[in-house]
>>> print(open('data.csv').read())   # CSV, C-alpha atoms
chain,number,residue,atom,x,y,z
A,4,VAL,CA,-78.2,-142.7,54.8
A,5,GLN,CA,-77.7,-146.4,54.0
A,6,LEU,CA,-74.2,-147.7,54.3
A,7,GLN,CA,-72.9,-150.9,52.6
A,8,ALA,CA,-69.6,-152.3,53.7
A,9,SER,CA,-67.7,-154.7,51.5
A,10,GLY,CA,-64.2,-156.2,50.9
A,11,GLY,CA,-63.9,-158.6,53.8
A,12,GLY,CA,-62.6,-162.1,53.4
A,13,LEU,CA,-60.1,-164.7,54.5
A,14,VAL,CA,-56.4,-163.8,54.3
A,15,GLN,CA,-53.2,-165.2,55.7
A,16,ALA,CA,-51.2,-163.3,58.3
A,17,GLY,CA,-49.1,-160.6,56.7
A,18,GLY,CA,-51.6,-160.1,53.9
A,19,SER,CA,-53.8,-157.2,52.9
A,20,LEU,CA,-57.4,-156.4,52.4
A,21,ARG,CA,-59.2,-153.2,51.4
A,22,LEU,CA,-62.6,-152.5,52.9
A,23,SER,CA,-65.0,-150.1,51.2
A,24,CYS,CA,-68.1,-148.4,52.5
A,25,ALA,CA,-70.6,-147.1,50.0
A,26,ALA,CA,-73.4,-144.7,50.7
A,27,SER,CA,-76.9,-144.6,49.2
A,28,GLY,CA,-80.0,-142.5,50.0
A,29,ARG,CA,-77.9,-139.5,51.0
A,30,THR,CA,-74.4,-138.3,50.5
A,31,ILE,CA,-71.8,-138.9,53.2
A,32,ILE,CA,-69.4,-136.3,52.1
A,33,ASN,CA,-70.5,-134.0,54.9
A,34,TYR,CA,-70.2,-136.7,57.6
A,35,ALA,CA,-67.3,-137.8,59.8
A,36,MET,CA,-66.7,-141.5,59.1
A,37,GLY,CA,-65.4,-144.3,61.1
A,38,TRP,CA,-64.5,-148.0,61.0
A,39,PHE,CA,-65.2,-150.2,64.0
A,40,ARG,CA,-64.7,-153.9,64.6
A,41,GLN,CA,-66.3,-156.4,66.9
A,42,THR,CA,-65.5,-160.0,67.9
A,43,PRO,CA,-68.0,-162.3,69.6
A,44,GLY,CA,-68.8,-161.4,73.1
A,45,LYS,CA,-66.9,-158.1,73.0
A,46,GLU,CA,-67.7,-154.5,72.6
A,47,ARG,CA,-67.6,-152.8,69.2
A,48,VAL,CA,-64.4,-150.7,69.1
A,49,ILE,CA,-63.0,-148.0,67.0
A,50,VAL,CA,-60.4,-148.8,64.4
A,51,ALA,CA,-60.0,-145.6,62.4
A,52,ALA,CA,-61.9,-142.4,61.9
A,53,ILE,CA,-61.8,-139.5,59.5
A,54,SER,CA,-63.2,-136.0,59.6
A,55,TRP,CA,-65.3,-134.7,56.7
A,56,SER,CA,-63.8,-131.3,56.1
A,57,ASN,CA,-60.0,-131.8,56.0
A,58,GLY,CA,-59.5,-135.5,56.2
A,59,ARG,CA,-58.0,-135.5,59.7
A,60,THR,CA,-57.6,-139.1,60.8
A,61,TYR,CA,-57.5,-141.2,63.9
A,62,TYR,CA,-56.2,-144.7,64.4
A,63,ALA,CA,-56.3,-147.1,67.3
A,64,ASP,CA,-52.9,-148.0,68.6
A,65,SER,CA,-53.3,-151.6,67.5
A,66,VAL,CA,-53.6,-150.6,63.8
A,67,LYS,CA,-51.3,-147.6,63.5
A,68,GLY,CA,-48.8,-147.9,60.7
A,69,ARG,CA,-50.8,-150.8,59.2
A,70,PHE,CA,-54.2,-149.5,58.4
A,71,THR,CA,-55.2,-146.4,56.4
A,72,ILE,CA,-58.6,-144.8,56.2
A,73,SER,CA,-59.4,-142.6,53.3
A,74,ARG,CA,-62.4,-141.1,51.6
A,75,ASP,CA,-63.4,-140.4,48.0
A,76,ASN,CA,-66.0,-137.7,48.0
A,77,ALA,CA,-66.5,-138.0,44.2
A,78,LYS,CA,-67.5,-141.6,44.7
A,79,ASP,CA,-69.2,-141.1,48.1
A,80,THR,CA,-67.1,-143.9,49.6
A,81,VAL,CA,-64.8,-144.4,52.5
A,82,SER,CA,-62.1,-147.1,52.5
A,83,LEU,CA,-59.9,-148.9,55.0
A,84,GLN,CA,-56.7,-150.3,53.6
A,85,MET,CA,-55.4,-153.0,55.9
A,86,ASN,CA,-51.8,-154.2,55.5
A,87,ASP,CA,-49.7,-156.6,57.5
A,88,LEU,CA,-52.8,-158.2,58.9
A,89,LYS,CA,-52.6,-160.3,62.1
A,90,PRO,CA,-54.8,-163.0,63.5
A,91,GLU,CA,-56.0,-160.5,66.2
A,92,ASP,CA,-57.4,-158.4,63.4
A,93,THR,CA,-60.1,-161.0,62.9
A,94,ALA,CA,-63.5,-159.4,63.4
A,95,VAL,CA,-66.6,-158.1,61.8
A,96,TYR,CA,-65.8,-154.6,60.5
A,97,TYR,CA,-68.5,-151.9,60.4
A,98,CYS,CA,-68.4,-148.5,58.8
A,99,ALA,CA,-70.4,-145.6,60.4
A,100,ALA,CA,-71.3,-142.0,59.6
A,101,GLY,CA,-71.9,-139.3,62.1
A,102,GLY,CA,-71.5,-135.6,62.9
A,103,GLU,CA,-72.9,-134.0,59.8
A,104,TYR,CA,-71.1,-130.8,59.1
A,105,SER,CA,-68.8,-131.5,62.1
A,106,GLY,CA,-65.8,-129.8,60.4
A,107,ASN,CA,-62.4,-131.0,61.4
A,108,TYR,CA,-63.6,-133.4,64.1
A,109,TYR,CA,-63.5,-137.1,63.9
A,110,TYR,CA,-65.3,-139.4,66.5
A,111,THR,CA,-64.1,-142.4,68.4
A,112,GLU,CA,-67.2,-143.2,70.4
A,113,LYS,CA,-70.0,-145.4,69.0
A,114,HIS,CA,-72.8,-143.2,70.3
A,115,LEU,CA,-71.7,-140.3,68.2
A,116,TYR,CA,-72.4,-142.1,65.0
A,117,ASP,CA,-75.9,-142.0,63.4
A,118,TYR,CA,-75.7,-144.5,60.6
A,119,TRP,CA,-74.1,-148.0,60.4
A,120,GLY,CA,-73.3,-150.4,57.7
A,121,GLN,CA,-74.2,-154.1,58.0
A,122,GLY,CA,-70.6,-155.3,58.7
A,123,THR,CA,-68.2,-157.4,56.7
A,124,GLN,CA,-66.2,-160.3,58.1
A,125,VAL,CA,-62.4,-160.2,58.1
A,126,THR,CA,-60.6,-163.5,59.0
A,127,VAL,CA,-56.9,-163.6,59.3
A,128,SER,CA,-55.3,-167.1,59.5
A,129,SER,CA,-52.0,-167.7,61.2
>>> encode(input="data.csv", output="structure tokens")
Amino acid sequence: VQLQASGGGLVQAGGSLRLSCAASGRTIINYAMGWFRQTPGKERVIVAAISWSNGRTYYADSVKGRFTISRDNAKDTVSLQMNDLKPEDTAVYYCAAGGEYSGNYYYTEKHLYDYWGQGTQVTVSS
């Protein structure tokens, strides 16, 4: 599975961005998916995750109520809608796929993901 993340950019605080993760080589409709972010010198951390079978979701406390993860199995994509962005959301965002046929489970730990996209930069100015 090859993943391609896109949609990052520069936005003012309070603005919105929509990140997309497209798959090639193999479908991701049977995988749990996640979005992570990383800033220089820090660990890559979970932002949001979604199961493959029933769309059960997880959000980090820092983004609850502002970010929404969704998947479009017909298009083989996963998106992250980010609203009310804050300067502390500035990071490189990565999409990841893991846990093929994992049912209703989503994953919050990096080591449980098998495939990673290349990352897309999100910069929020104050």
>>> atom_distance(input="data.csv", atom1="atom CA of A:Val127", atom2="atom CA of A:Glu112")
25.4 Å
>>> residues_around(input="data.csv", residues="stretch 71-77 of chain A", least_positions_apart="5", cutoff="8 Å", atoms="all atoms listed in the file", output="MDAnalysis selection string")
chainID A and resid 31:32 51:53 58 60 82:85
>>> atom_distance(input="data.csv", atom1="atom CA of A:Phe70", atom2="atom CA of A:Trp38")
10.7 Å
>>> closest_residue(input="data.csv", among="A:Val48, A:Val4, A:Val95, A:Ala63", to="A:His114", atoms="only C-alpha atoms")
A:Val48
>>> closest_residue(input="data.csv", among="A:Ala26, A:Val125, A:Leu20, A:Leu13", to="A:Tyr96", atoms="only C-alpha atoms")
A:Val125
>>> closest_residue(input="data.csv", among="A:Ser27, A:Ser56, A:Gln7, A:Gln41", to="A:Gly106", atoms="all atoms listed in the file")
A:Ser56
>>> residues_around(input="data.csv", residues="A:Pro90", least_positions_apart="6", cutoff="9 Å", atoms="only C-alpha atoms", output="list in words")
Gln15, Ala16, Thr126, Val127, Ser128 and Ser129 of chain A
>>> closest_residue(input="data.csv", among="A:Leu88, A:Ala25, A:Val81, A:Met36", to="A:Gly68", atoms="all atoms listed in the file")
A:Leu88
>>> closest_residue(input="data.csv", among="A:Trp119, A:Cys98, A:Gly37, A:Tyr62", to="A:Gly10", atoms="only C-alpha atoms")
A:Cys98
>>> residues_around(input="data.csv", residues="A:Ser54", least_positions_apart="3", cutoff="9 Å", atoms="only C-alpha atoms", output="PyMOL selection string")
chain A and resi 33-37+57-61+102+105-110
>>> residues_around(input="data.csv", residues="A:Lys113", least_positions_apart="6", cutoff="9 Å", atoms="only C-alpha atoms", output="MDAnalysis selection string")
chainID A and resid 39 47:49 99
>>> atom_distance(input="data.csv", atom1="atom CA of A:Asp117", atom2="atom CA of A:Lys78")
20.5 Å
>>> closest_residue(input="data.csv", among="A:Leu6, A:Trp55, A:Cys24, A:Thr42", to="A:Asp92", atoms="all atoms listed in the file")
A:Thr42
